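S.K.: Here you go, one structure.
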Amino acid sequence: MADGKAAGPQVDVESCIERFGKLYSHWKSHQKDPKSWQGSDALVFTDGSSNEDVTTRVSNAHEWFFGYEFTETIVAFCAEEILIVTSAKKVELLQPVVKKGADVPIKLLTKKPKAAENKDFFKQLLDAIKKSHGGKVVGSFAKDKLKGDFATLWLAELKPFASVDVSVAFSDLLAVKDTKELKTVRASAAIAAHVMKTHLVARLESVIDEGLKVTHKTLSAEAEALFDDPRKISAKLQPEQVESAYTPMIQSGGKYDFKLGTEPTSDNLHFGTIVCSLGAKYKSYCTNVARTYFVDPSKEQEAAYALLLDVEAEVIKRLQPGAVLKDVYEAAVALVRSRNPALVEYFTKTAGSGIGLELQERNYQIAPTNERQVLANMVFNVMVGLSNVPRSSPASDKASEVSAMLLSDTVVVTQGAEPEVQTDKCLRAWTDVSYYLDQDEDKPAKEKKAKKDKKKKARDESDESEESEAEVKAKPKKPAKVEEAKVAKVIAEASSRRSAQQRAEDKAKSQEAEEKRRTHQKELEEKKRLEALQRFSKKKEKKTEEKLTLTQSYADPSEFPKDIKNNKIYVDAARESILVPVYGVMVPFHVSGIKNASKLEDDLRINFNVPAGLTVTTQKDGEPTERKVFIKEITYRCTDPRNLNNALRMIKELRKRITNREAELREKKDLVVQEKLVLSKNRNPRLTDVFLRPKLAGRGNTTGSLEAHTNGFRFTSMKQGGTLDVLYKNIKHAFFQPAEGELLVLIHLHLHNGIMVGKKKSFDIQFCTEVMEVSQDLAKGGRYDDDFEEEQRERALRTRLNTEFKNFCEKVEAQVPDLEFDIPYRELGFNGVPYRSDVFLQPTVNCLVNLIEAPFFVLTLESIEIACFERIQFGLKNFDIVFVLKDYEKPPVHVNNIQVQYLEALKDWLDSCDIKYYESPQNLQWSVVMKEILKDPKKFHTEDGGWSFLGSESGSEAGSEEDEEESDAFSSPSESGSESEDDDEYDSGSDAESDESDEDASDAGSEEEEDWEALERKAEREDRDHARKRKERGEAYDSEDETDRRPKQRRK
């Protein structure tokens, strides 16, 4: 069979050679058998052009030998050699088989495009047939109807030979399965049982429960659609490997036909006896399962079904190696006759058949006339039933007068053990297949009306009535329409009661879940507090403060450049300094001390980096020793603006060079020295044509190959020729994200220690591939067929790439036991803004991630101490969430603008991850909050109650003027600005340049003005709190009164 992990079609060489050998062995031992090979001197299997509507014997033969159907191919098995005439591509696929070598030599002949040009090959085939044994009788699949000129011409060449049909002999060959075939059969049976149990039965139950009108054809089409998109069954299944063995059978309403492949009718599903049967085909191997479901069954049906279960068990039990098939069937009939002789005539004429590449191996039917023996490793579709049994008790309607029941399972015969039922996961006990609507107050209207009509008929025919006097009087007076109205009213009332009851049950369940979550959150609060106390009780080493490095432009004026001119700005690129005239003296400044430079008309303004105040006094033993004065800015004016333009350009270029150098030094400062990669000489897991994010250098994607070695990965770029090594021990988290709803399939590595990629340090390395072309040539016209073919190609490409990346991850996990790839849960994902753009965030087992859009977002759940939902107010459609990390030195992580529909799901997820969460009606100034906590974290968790302040109703006031600074942390964004501005102190990589407006604003306002602003904020908070309290009391809000009151508050 073909290797599913290969990049393209491949022939399983070992299986092909082994099966060639089986054919020759069976042919040699049964060549003269008139019921087998019938004296065939040569075997010629011919396939014509593709015919997807019909499965032929020769196509099954090709599937068995090669794993694929080889159209327009001739395979001739002669006594001394095997000749295969086929196309060039198929010849290429078969070359490994020829190289490996079989017991009989194999000769490959490449077919010409035109059928008439192959006469030379036909002559070679005919000569070989004549030399094989007697050279007169050719065995073939005579009943196959072949299409195409190639097959027609070849069959004409065979007319001089006697022809015999060897279909029976070949079926004998296929009946006993090898190990690989049995593995495939088990997978196919699991698919069939899963579809029946999880999808079809669940759909039937919902239809019955809600009393819906759905046709047999619709239910069958829904079940068959699952095979068209097998990822709905399992994410591991590939579309090209799975299909439905036949159109699923859904039958009810007294019309039953157990022949496999019977087309479903357009009748609505009848709530009585429902027969369901479906078959799966996985890698061309068929399996089958059938079940019968009963709605309001009678005791008679229950007894008959119990008998049918015992009959099926008896048939399965007797399928032992050496058993004769007719004896198995007779044992089943004998059991029916002994338990209920009246049912023998309704018992199925066969009890199943062999199954495999053929849906029904008719040579191995469990029938009363079949004398063939059962062999080990055969696979049977055991299928027993009672067809069109009339109901002895009165039926509720005409459709229930005739019933039927069918059971079918796929069974593997084993040597020395009980046969293995492969579809037993699809339950068949009476309690699992019977439904009683009479005991349910909310039964469907159709069943209620049927029961009411039955009672009405009984009352008309009987002189003695058990009805109440009121009902007897009402019956003859009310016309039919009134009766129908009454029935409709009863149905409506029952439906209303059901809806109210369902809502009450849902509400009770929701409240119960909320109570459990609340209890768990209280436990988590105490647990997190104790963990924090334990963490902060340990003495931490004090961080060594970084000493400022002094820069010196020149040791003395003698080192000034010789070409400087008085009263003219000079830029010394070699010393990275500028010399400017101050009162006629050239004064040097190092460029690192310049904040920015700008030019307006004829003025050049240079701003310097200075402390908050313009003077600093250094002290020693409490006595002032030195007073330092700083220059904040210098402005020059020149009549010739060209000189200023040149000076400004050179200053900016010099500043840019120094800024880039300092940024690179900062990136490299805390780099951890990595071990050397140990290259493996074995055949390593490898991915080709992947591109790296972030890129190594240059423009465009960095495309190359990724290879797993002994202690790490190596990415090798194709164009630049560079390499990037990532060690396994440096990987903190590894992710594999298939292309589901995205254009990329990717592997993402989140590192413990950053590594240099190009000139930047990165903690996130990603290797990905696009699964479709993002651009399209609009100049090319196209038809609908072209679009459809393009879509098919894209789907196949997506499947192939997902499989390649998945196989790579599995191989790496097998090679490196400590490395495991997380797969994001897309169904739990939600949209949010962790940085500046809205992205789709997805939880994994250990993280919350966004791996598609850069910058990547990877938040480790273990690093989170608490989460806080902000802007939780009635009427708002969005909210924010803030994650406070266990390391208080790091800024809290914000995810903003999350739709409110995800709120409950996020709460459940956080609670399941043992993360304590709080809710706040507005945004907090987390920079201020964390600054206060960092002053004494231990005191915060002992005396101040830890994070419990977030759980109070009003998180915006501390209740005291002493806590004014802390209460300011709770002001809304409209008052305090955005969170990104508040958290600037955490930003380690701020730009060297800033606007002049920022410079001017840094020292604007006096201490009195700051106090006035604090009073303004306090007054506005009081106004909001007063309005909120009045609203809670139900009082009307008078905006004019509030407006008049505010100035009075401010004058206090």
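Residues are named by chain letter and number: chains run A, B, ... in the order of the structure tokens, numbers start at 1 in each chain, and ligands are numbered from 1 in the order shown.
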Can you pull out the residues contacting Met718 of chain A? Cut-off 12 Å, using only C-alpha atoms, and skip same-chain residues under 3 positions away; I want them as a compact mmCIF listing (two decimals) with N, CA, C and O atoms, in the first residue's frame.

M.R.:
# COMPACT_ATOMS: atom_id res chain seq x y z
N THR A 688 11.53 21.13 4.24
CA THR A 688 12.11 21.98 3.20
C THR A 688 11.13 23.07 2.80
O THR A 688 9.93 22.99 3.09
N ASP A 689 11.66 24.09 2.15
CA ASP A 689 10.86 25.21 1.63
C ASP A 689 10.02 25.86 2.73
O ASP A 689 8.83 26.11 2.56
N VAL A 690 10.66 26.12 3.87
CA VAL A 690 9.99 26.86 4.94
C VAL A 690 10.68 28.22 5.05
O VAL A 690 11.86 28.36 4.71
N PHE A 691 9.95 29.22 5.51
CA PHE A 691 10.61 30.51 5.70
C PHE A 691 10.60 30.90 7.17
O PHE A 691 9.74 30.47 7.94
N LEU A 692 11.63 31.65 7.51
CA LEU A 692 11.93 31.98 8.90
C LEU A 692 11.34 33.33 9.26
O LEU A 692 11.42 34.28 8.48
N LEU A 696 16.46 36.55 8.61
CA LEU A 696 17.87 36.70 8.95
C LEU A 696 18.43 38.04 8.50
O LEU A 696 19.03 38.77 9.27
N ASN A 701 11.26 37.09 2.24
CA ASN A 701 11.28 35.99 3.19
C ASN A 701 12.62 35.26 3.16
O ASN A 701 13.25 35.12 2.11
N THR A 702 13.05 34.79 4.34
CA THR A 702 14.25 33.97 4.43
C THR A 702 13.82 32.52 4.29
O THR A 702 13.33 31.91 5.24
N THR A 703 13.97 31.97 3.09
CA THR A 703 13.50 30.61 2.81
C THR A 703 14.66 29.63 2.93
O THR A 703 15.78 29.93 2.54
N GLY A 704 14.36 28.44 3.45
CA GLY A 704 15.39 27.43 3.60
C GLY A 704 14.82 26.14 4.11
O GLY A 704 13.64 25.85 3.93
N SER A 705 15.67 25.36 4.78
CA SER A 705 15.26 24.05 5.30
C SER A 705 15.52 24.01 6.80
O SER A 705 16.47 24.61 7.30
N LEU A 706 14.67 23.25 7.50
CA LEU A 706 14.80 23.06 8.95
C LEU A 706 15.11 21.60 9.21
O LEU A 706 14.43 20.71 8.70
N PHE A 715 18.45 25.79 11.00
CA PHE A 715 17.79 26.34 9.81
C PHE A 715 18.87 26.83 8.87
O PHE A 715 19.75 27.61 9.26
N GLY A 721 22.53 31.74 2.47
CA GLY A 721 23.53 30.77 2.85
C GLY A 721 23.82 30.75 4.34
O GLY A 721 24.67 30.00 4.80
N GLY A 722 23.11 31.56 5.14
CA GLY A 722 23.34 31.61 6.57
C GLY A 722 22.61 30.50 7.30
O GLY A 722 21.76 29.81 6.74
N THR A 723 22.98 30.30 8.56
CA THR A 723 22.34 29.28 9.38
C THR A 723 21.89 29.89 10.69
O THR A 723 22.42 30.91 11.14

S.K.: Could you tell me how far atom CA of Glu81 of chain A lies from atom CA of Asp165 of chain A, in Å and to one decimal?

M.R.: 21.2 Å

S.K.: Would you please work out which residue, of A:Arg1021, A:Asn802, A:Ser717, A:Cys809, is nearest to His748 of chain A when using only C-alpha atoms?

M.R.: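 Once distances to His748 of chain A are computed over only C-alpha atoms, the minimum belongs to A:Cys809.
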
S.K.: Could you pull out the residues in segment 248-450 of chain A that DSSP calls strand (DSSP E) from the backbone, as JSON, numbers by chain?

M.R.: {"A": [249, 250, 251, 273, 274, 275, 276, 277, 278, 279, 280, 281, 282, 285, 286, 287, 288, 289, 290, 291, 292, 293, 294, 295, 352, 353, 354, 379, 380, 381, 382, 383, 384, 385, 386, 387, 388, 389, 390, 402, 403, 404, 405, 406, 407, 408, 409, 410, 411, 412, 420, 421, 434, 435]}

S.K.: Taking only C-alpha atoms into account, name the residue in A:Val389, A:Ala151, A:Met586, A:Ile872 that is nearest to Glu401 of chain A.

M.R.: A:Val389

S.K.: Of the candidates A:Ala162, A:Ala303, A:Ala739, A:Val374, which one gets nearest to Ser40 of chain A if we count only C-alpha atoms?

M.R.: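 Comparing A:Ala162, A:Ala303, A:Ala739, A:Val374 against Ser40 of chain A, the winner is A:Ala162.
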
S.K.: At a cut-off of 10 Å, can you tabulate as a tab-separated table every residue of segment 268-373 of chain A near segment 236-244 of chain A together with its closest atom pair and the distance in Å to one decimal, using only C-alpha atoms and ordering rows by chain then number?

M.R.:
residue	atom	partner	partner_atom	distance
A:Leu278	CA	A:Ser244	CA	7.8
A:Gly279	CA	A:Ser244	CA	6.0
A:Ala280	CA	A:Ser244	CA	4.8
A:Lys281	CA	A:Glu243	CA	5.3
A:Tyr282	CA	A:Val242	CA	4.7
A:Lys283	CA	A:Gln241	CA	5.0
A:Ser284	CA	A:Gln241	CA	7.6
A:Tyr285	CA	A:Val242	CA	9.5
A:Cys286	CA	A:Ser244	CA	8.7
A:Thr287	CA	A:Ser244	CA	9.7

S.K.: Using only C-alpha atoms, can you tell me which of A:His270, A:Ser338, A:Ser353, A:Lys890 comes closest to Val315 of chain A?

M.R.: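 For Val315 of chain A, the nearest of the given residues is A:Ser353.
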
S.K.: Write out as a list in words the residues lying within 9 Å of Asp822 of chain A, counting only C-alpha atoms and excluding same-chain residues fewer than 4 positions away.

M.R.: His733, Ala734, Phe735, Phe736, Gln737, Thr844, Val845, Asn846 and Cys847 of chain A

S.K.: Using only C-alpha atoms, what table do you get, as a tab-separated table, when you list each residue of segment 348-442 of chain A with an atom no more than 9 Å from segment 318-326 of chain A, its nearest pair of atoms, and their distance in Å rounded to one decimal, rows by chain then rising number?

M.R.:
residue	atom	partner	partner_atom	distance
A:Tyr364	CA	A:Leu325	CA	7.6
A:Gln365	CA	A:Leu325	CA	7.3
A:Ile366	CA	A:Leu325	CA	5.1
A:Ala367	CA	A:Lys326	CA	5.4
A:Pro368	CA	A:Lys326	CA	4.5
A:Thr369	CA	A:Lys326	CA	5.7
A:Asn370	CA	A:Lys326	CA	5.2
A:Glu371	CA	A:Val324	CA	5.7
A:Arg372	CA	A:Val324	CA	5.8
A:Gln373	CA	A:Val324	CA	4.5
A:Val374	CA	A:Pro321	CA	5.0
A:Leu375	CA	A:Pro321	CA	4.5
A:Ala376	CA	A:Pro321	CA	5.3
A:Asn377	CA	A:Pro321	CA	8.8
A:Met378	CA	A:Pro321	CA	9.0
A:Phe380	CA	A:Leu319	CA	8.8
A:Val411	CA	A:Leu319	CA	8.9
A:Val412	CA	A:Leu319	CA	9.0
A:Val413	CA	A:Gln320	CA	6.5
A:Thr414	CA	A:Gln320	CA	7.3
A:Gln415	CA	A:Pro321	CA	6.6
A:Gly416	CA	A:Gln320	CA	8.1
A:Ala417	CA	A:Gln320	CA	8.3
A:Glu418	CA	A:Gln320	CA	7.7
A:Pro419	CA	A:Leu319	CA	6.8

S.K.: Save the residues we just selected, N, CA and C atoms, as a compact mmCIF listing (two decimals), in the first residue's frame?

M.R.:
# COMPACT_ATOMS: atom_id res chain seq x y z
N TYR A 364 -17.90 -15.78 -0.44
CA TYR A 364 -17.87 -16.12 0.98
C TYR A 364 -19.11 -15.59 1.69
N GLN A 365 -20.26 -15.78 1.05
CA GLN A 365 -21.52 -15.44 1.71
C GLN A 365 -21.87 -16.51 2.75
N ILE A 366 -22.39 -16.04 3.87
CA ILE A 366 -22.87 -16.98 4.90
C ILE A 366 -24.29 -17.37 4.49
N ALA A 367 -24.36 -18.36 3.61
CA ALA A 367 -25.62 -18.74 2.97
C ALA A 367 -25.83 -20.25 3.10
N PRO A 368 -27.07 -20.72 2.91
CA PRO A 368 -27.37 -22.14 3.14
C PRO A 368 -26.74 -23.09 2.13
N THR A 369 -26.22 -22.60 1.03
CA THR A 369 -25.64 -23.50 0.00
C THR A 369 -24.13 -23.34 -0.15
N ASN A 370 -23.49 -22.49 0.63
CA ASN A 370 -22.07 -22.21 0.47
C ASN A 370 -21.25 -23.20 1.31
N GLU A 371 -20.45 -24.03 0.63
CA GLU A 371 -19.68 -25.05 1.33
C GLU A 371 -18.22 -24.63 1.56
N ARG A 372 -17.91 -23.39 1.32
CA ARG A 372 -16.53 -22.92 1.55
C ARG A 372 -16.25 -22.85 3.05
N GLN A 373 -14.97 -22.99 3.38
CA GLN A 373 -14.58 -22.98 4.78
C GLN A 373 -14.08 -21.61 5.22
N VAL A 374 -14.23 -21.33 6.50
CA VAL A 374 -13.71 -20.10 7.10
C VAL A 374 -12.22 -20.30 7.38
N LEU A 375 -11.41 -19.29 7.06
CA LEU A 375 -9.97 -19.33 7.31
C LEU A 375 -9.58 -18.19 8.25
N ALA A 376 -8.49 -18.36 8.95
CA ALA A 376 -7.99 -17.31 9.86
C ALA A 376 -7.64 -16.06 9.06
N ASN A 377 -7.85 -14.91 9.66
CA ASN A 377 -7.57 -13.58 9.08
C ASN A 377 -8.54 -13.19 7.98
N MET A 378 -9.66 -13.93 7.87
CA MET A 378 -10.74 -13.45 7.01
C MET A 378 -11.54 -12.38 7.76
N PHE A 380 -15.43 -10.66 7.93
CA PHE A 380 -16.82 -10.86 7.53
C PHE A 380 -17.67 -9.67 7.96
N VAL A 411 -16.41 -8.22 11.46
CA VAL A 411 -15.79 -9.20 12.36
C VAL A 411 -14.52 -9.75 11.71
N VAL A 412 -13.45 -9.85 12.51
CA VAL A 412 -12.18 -10.44 12.04
C VAL A 412 -12.04 -11.82 12.66
N VAL A 413 -11.80 -12.84 11.82
CA VAL A 413 -11.61 -14.21 12.29
C VAL A 413 -10.17 -14.37 12.75
N THR A 414 -9.99 -14.90 13.94
CA THR A 414 -8.64 -15.08 14.50
C THR A 414 -8.37 -16.56 14.73
N GLN A 415 -7.10 -16.91 14.82
CA GLN A 415 -6.69 -18.30 15.02
C GLN A 415 -6.61 -18.58 16.52
N GLY A 416 -7.41 -19.53 16.99
CA GLY A 416 -7.34 -19.95 18.38
C GLY A 416 -7.95 -18.98 19.36
N ALA A 417 -8.80 -18.08 18.92
CA ALA A 417 -9.44 -17.12 19.83
C ALA A 417 -10.81 -16.75 19.28
N GLU A 418 -11.58 -16.04 20.10
CA GLU A 418 -12.89 -15.60 19.67
C GLU A 418 -12.74 -14.56 18.55
N PRO A 419 -13.65 -14.57 17.58
CA PRO A 419 -13.60 -13.52 16.54
C PRO A 419 -13.69 -12.12 17.14

S.K.: Can you tell me how far atom CA of Ala504 of chain A sits from atom CA of Lys877 of chain A, in Å to one decimal?

M.R.: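 Distance reported for this atom pair: 26.4 Å.
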